[in-house]
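Structure, as structure tokens:
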Amino acid sequence: MATRLFGARVKRNEDPVLLTGRAQFVDDVHLAGMLHVAFKRSDYAHARLVSIDISEARAMPGVVAVYTAADLGDYWQPSPLLVPPPPVEGAVFNQRTAGQLARDKVRYVGEPMVMVVAESRYLAEDAVEKVMVDYDPLPAVVDLEAGVADTSSLVHDDLGHNIAAHVVQRKGDYEAARARADVVISRRMHYDRGTAAPMETRGVVAQWDALARSLTVWDSTQAPIPIRNGLAAMLGLAERQVRVIAPFIGGGFGPKIMMFYPEETLIPWAAMRLGRPVKWIEDRQENFVAMTHERGQVHDCEMALTRDGQILGVRDIFFHDTGAYDPYGLTVPLNTQCTLLGPYVVPHYTTEFKAVFTNKTVVTPYRGAGRQHGVFVMERLLDLAARELGLDPLELRRRNFIPPDQFPYNNKIIFQDFTELTYDSGDYEPVLDKARAMIGWEAWQAGEGARLRAEGKTVGIGLVMYVEGTGIGPYEGARVQVEPTGKVNVATGIGTQGQGHFTSFAQIVGEQLGVPMTNIYVSTGDTAQFSWGAGTFASRGAVVAGTAIHHAAVKVRDKARRLAGEALEVAEEDVELVDGFAQVRGAPTRRVALAELARQANPLRGAVRADAEPGLEATAYYGPEMGATAFGAHALILEVDPETFNLRVHKYVVVHDCGRVINPLILDGQVQGGVAQGIGNAFYEQLVYDETGQLQNASFMDYLLPTALDVPRIDIGHEETLSPLNPNGVKGAGEAGAIPVGPLFCQALEDAFQGGGLEILEIPLSPYRLWELVTSA
């Protein structure tokens with residue numbers, strides 16, 4: 001075909017509307033007669049609710065309704081468990097999810113207790129101030145280890161303890177491996193909380209059409225189809241009566257996949273009850289406490305090795321902070337268990353975690369979704385082992401790589417997709433070698449680093465590896481349709497939050513149909529356009545939805561070639577699709593437009609053959625048997641200001657292998673965005689709670705985000721080890737930029753302060769914390 005789109009650096013076709021302010025976000029939805037909502041949220045992390053007095057709020061001018069949990073009646077119900085626990089033998093999981101509004105007890109600061117509906121958000125906020133709550137404060141569970149003590153206060157009284165889950169997985173016999181090791185590296189490591197801080201906060205708008213008996217919901221969700229299905233069930237409607245639209249979303253990053261946030265079920269309920277459109281937009285302070293968090297874990301870990309650096313085994317026992325509830329199951333800590341293994345042969349592995357209920361905001365996946373923690377533990381242990389054994393840290397990694405002829409490689413522990421963690425493909429040395437060359441490792445070791453230090457600069461270099469499980473099921477679907485106008489419609493159920501789906505999906509279709517991208521219209525995140533799918537999460541859009549789109553496009557291509565063969569009186573294998581036409585290979589003047597074939601396939605008179613389907617369209621689904629494993633390396637050279645302990649990154653390199661690349665330009669953007677968040681996670685962002693469970697830095701005045709001045713230019717290289725799991729050989733890349741940045745910073749900082757005994761076993765850092773560590777070392 002003349003049209004070659006797959007693999008091209010095509011500019012994103014969604015950017016013009018975004019850059020000119022013509023894209024629709026949830027807050028851009030304005031409807032006649034719309035009401036606005038504000039919530040009274042808990043001021044306490046842990047307290048019994050003695051009474052709630054809403055009389056003064058309800059009497060205020062402009063207030064239409066005020067609801068407590070008691071007012072919801074039978075509609076009040078705990079949210080569903082989004083992801084059930086995996087089939088790990090002996091696993092314990094205690095499900096506790098929240099109702100829409102707190103009743104009897106509050107369990108974290110920001111938990112909603114009262115919903116106020118008014119003619120404007122201003123009036124609703126004023127009324128919230130008039131809601132009087134009588135609390136009976138209780139001791140807050142903040143520290144993980146204190147939370148599992150017998151004397152701890154209980155987050156959920158009926159449970160009798162604060163253990164949300166306890167999971168042990170084993171591969172081989174770690175104790176036997178440890179007994180014959182020459183070296184055992186043991187450490188305690190900390191990984192603290194952060195928040196996604198999306199540019200657009202959450203929002204929901206709902207409109208009930210009483211005549212059509214239909215509900216339309218605009219929601220900043222990553223999973224519009226499951227939201228529709230859940231709302232229909234809760235509201236007693238047929239799924240076809242509910243339309244959920246996820247328009248453009250200003251950053252999802254994982255927390256917007258949570259189902260269901262209280263607001264997502266309350267706003268539609270209120271719209272139906274009041275017969276008017278209802279809108280709620282989260283403000284930034286709400287976002288800090290009401291949108292889910294991630295990250296908090298404490299690890300006691302060790303690695304057993306031979307004298308020549310062969311890994312014999314790893315043991316990792318950790319606590320995971322799940323927050324006040326556990327609606328997302330065990331996805332985050334399970335990812336930690338699995339991703340720790342990295343690209344290395346680890347013959348013996350014991351991993352155990354206890355998820356702990358605390359009086360903090362709920363924890364669900366955020367870009368990386370537990371993978372950061374596992375990579376941090378493994379890469380830090382390798383650095384410490386290299387120092388102990390006197391080996392080059394990169395050589396130690398190389399000696400333990402899984403050989404390329406060993407794939408698919410089964411790690412024998414359960415992954416988040418409930419199958420044994422199996423790497424479908426991999427070839428790690430080319431990635432390491434390319435990153436090493438791009439960062440200038442040899443020149444640095446040969447004297448460049450020493451020269452800079454001789455000039456009085458505190459500089460260091462680092463390089464770490466990682467794997468990223470991507471493209472998990474259960475499935476996604478897509479419909480591809482050629483219209484009689486010549487335009488091509490592509491519809492899929494996943495939502496988009498800036499990943500470039502409108503462009504990448506058009507490239508996949510254009511490649512198969514030989515149609516210019518200007519003639520391809522892609523629809524995502526609208527349940528009226530496509531009714532089946534799971535959502536956008538776990539770096540799966542290009543892999544799972546992209547493969548479904550590919551299969552649908554291939555079906556349309558084959559049908560077009562068959563119809564064209566009949567019209568042109570040639571064999572269909574002699575027909576090719578080029579620039580919107582089906583033409584005879586070698587005789588391009590003999591051709592018929594795809595638009596004409598679409599018209600002929602949808603006649604207004606006559607009969608369609610019994611063995612044919614009308615229309616030039618097809619629907620297809622794809623469900624992977626397991627995830628596709630991407631991998632890569634990050635490297636950097638940094639400098640520390642010896643007075644302020646601020647950092648300056650001189651060079652940052654990423655070499656990523658996500659299989660066959662659909663669009664290198666979009667892939668580079670995904671990696672760069674991930675690195676920016678990874679840098680924030682490594683050196684800037686940390687949510688700080690006091691002993692009463694109060695969040696101390698719930699604003700951008702106090703919660704430090706990296707700016708454009710802090711994020712360096714990123715040099716990106718690609719390798720392509722094709723996945724055997726899908727016809728395009730693609731793997732995911734959405735989280736790769738964020739995953740290994742923490743241990744990378746630690747390695748480079750230790751190199752910068754070499755000889756001073758610095759050992760960094762925690763993330764995030766900060767200038768002050770780095771100063772403390774260097775001083776104490």
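Scheme for the structure tokens: letters A, B, ... for chains in order shown; per-chain residue numbers from 1; ligand numbers from 1 in order shown.
The protein and nucleic acid residues lying at most 6 Å from segment 460-464 of chain A are Ala633, His634, Ala635, Leu636, Ile637, Leu638, Leu744, Gln747, Ala748, Leu749, Asp751 and Ala752 of chain A, with only C-alpha atoms considered and sequence neighbours fewer than 2 positions away removed.
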Excluding Ser504 of chain A and residues on its chain fewer than 6 positions from it, collect all residues at most 8 Å away from it, counting only C-alpha atoms, and give them as a list in words.
Ala542, Ile662 and Asn663 of chain A
For the residues in that selection, give me C-alpha atoms as a PDB file, in the first residue's frame.
```pdb
ATOM      1  CA  ALA A 542      -2.367   0.765  22.242  1.00  0.00           C
ATOM      2  CA  ILE A 662       3.162   3.075  16.300  1.00  0.00           C
ATOM      3  CA  ASN A 663       4.186   6.741  16.485  1.00  0.00           C
TER       4      ASN A 663
END
```
Let's see if you can do this: from backbone DSSP, list all alpha helix (DSSP H) residues in segment 356-538 of chain A, as a ChimeraX atom specification.
/A:371-389,393-399,428-439,441-443,449-454,501-513
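Excluding Ala238 of chain A and any residue on its chain fewer than 4 positions from it, the residues at most 10 Å away by only C-alpha atoms are Ser214, Arg228, Asn229, Leu231, Ala232, Ala233 and Val242 of chain A.
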Keeping only N, CA and C atoms, write the selected residues as a PDB file, in the first residue's frame.
```
ATOM      1  N   SER A 214     -34.006   8.903  29.716  1.00  0.00           N
ATOM      2  CA  SER A 214     -32.585   8.644  29.495  1.00  0.00           C
ATOM      3  C   SER A 214     -31.738   9.565  30.368  1.00  0.00           C
ATOM      4  N   ARG A 228     -21.075   3.473  33.272  1.00  0.00           N
ATOM      5  CA  ARG A 228     -22.446   3.357  32.772  1.00  0.00           C
ATOM      6  C   ARG A 228     -23.130   2.116  33.316  1.00  0.00           C
ATOM      7  N   ASN A 229     -22.432   0.974  33.260  1.00  0.00           N
ATOM      8  CA  ASN A 229     -23.040  -0.272  33.716  1.00  0.00           C
ATOM      9  C   ASN A 229     -23.399  -0.204  35.195  1.00  0.00           C
ATOM     10  N   LEU A 231     -23.926   2.570  37.068  1.00  0.00           N
ATOM     11  CA  LEU A 231     -25.006   3.527  37.306  1.00  0.00           C
ATOM     12  C   LEU A 231     -26.356   2.939  36.931  1.00  0.00           C
ATOM     13  N   ALA A 232     -26.407   2.247  35.806  1.00  0.00           N
ATOM     14  CA  ALA A 232     -27.673   1.646  35.389  1.00  0.00           C
ATOM     15  C   ALA A 232     -28.184   0.679  36.458  1.00  0.00           C
ATOM     16  N   ALA A 233     -27.300  -0.150  36.973  1.00  0.00           N
ATOM     17  CA  ALA A 233     -27.710  -1.121  37.987  1.00  0.00           C
ATOM     18  C   ALA A 233     -28.170  -0.425  39.266  1.00  0.00           C
ATOM     19  N   VAL A 242     -28.672   4.798  29.810  1.00  0.00           N
ATOM     20  CA  VAL A 242     -27.615   5.607  30.413  1.00  0.00           C
ATOM     21  C   VAL A 242     -26.512   5.823  29.385  1.00  0.00           C
TER      22      VAL A 242
END
```
Determine, counting only C-alpha atoms, which protein, DNA and RNA residues have an atom within 6 Å of an atom of Val117 of chain A; residues of the same chain fewer than 2 positions away are not included. Present the result as number ranges by chain.
A: 36-37, 64-65
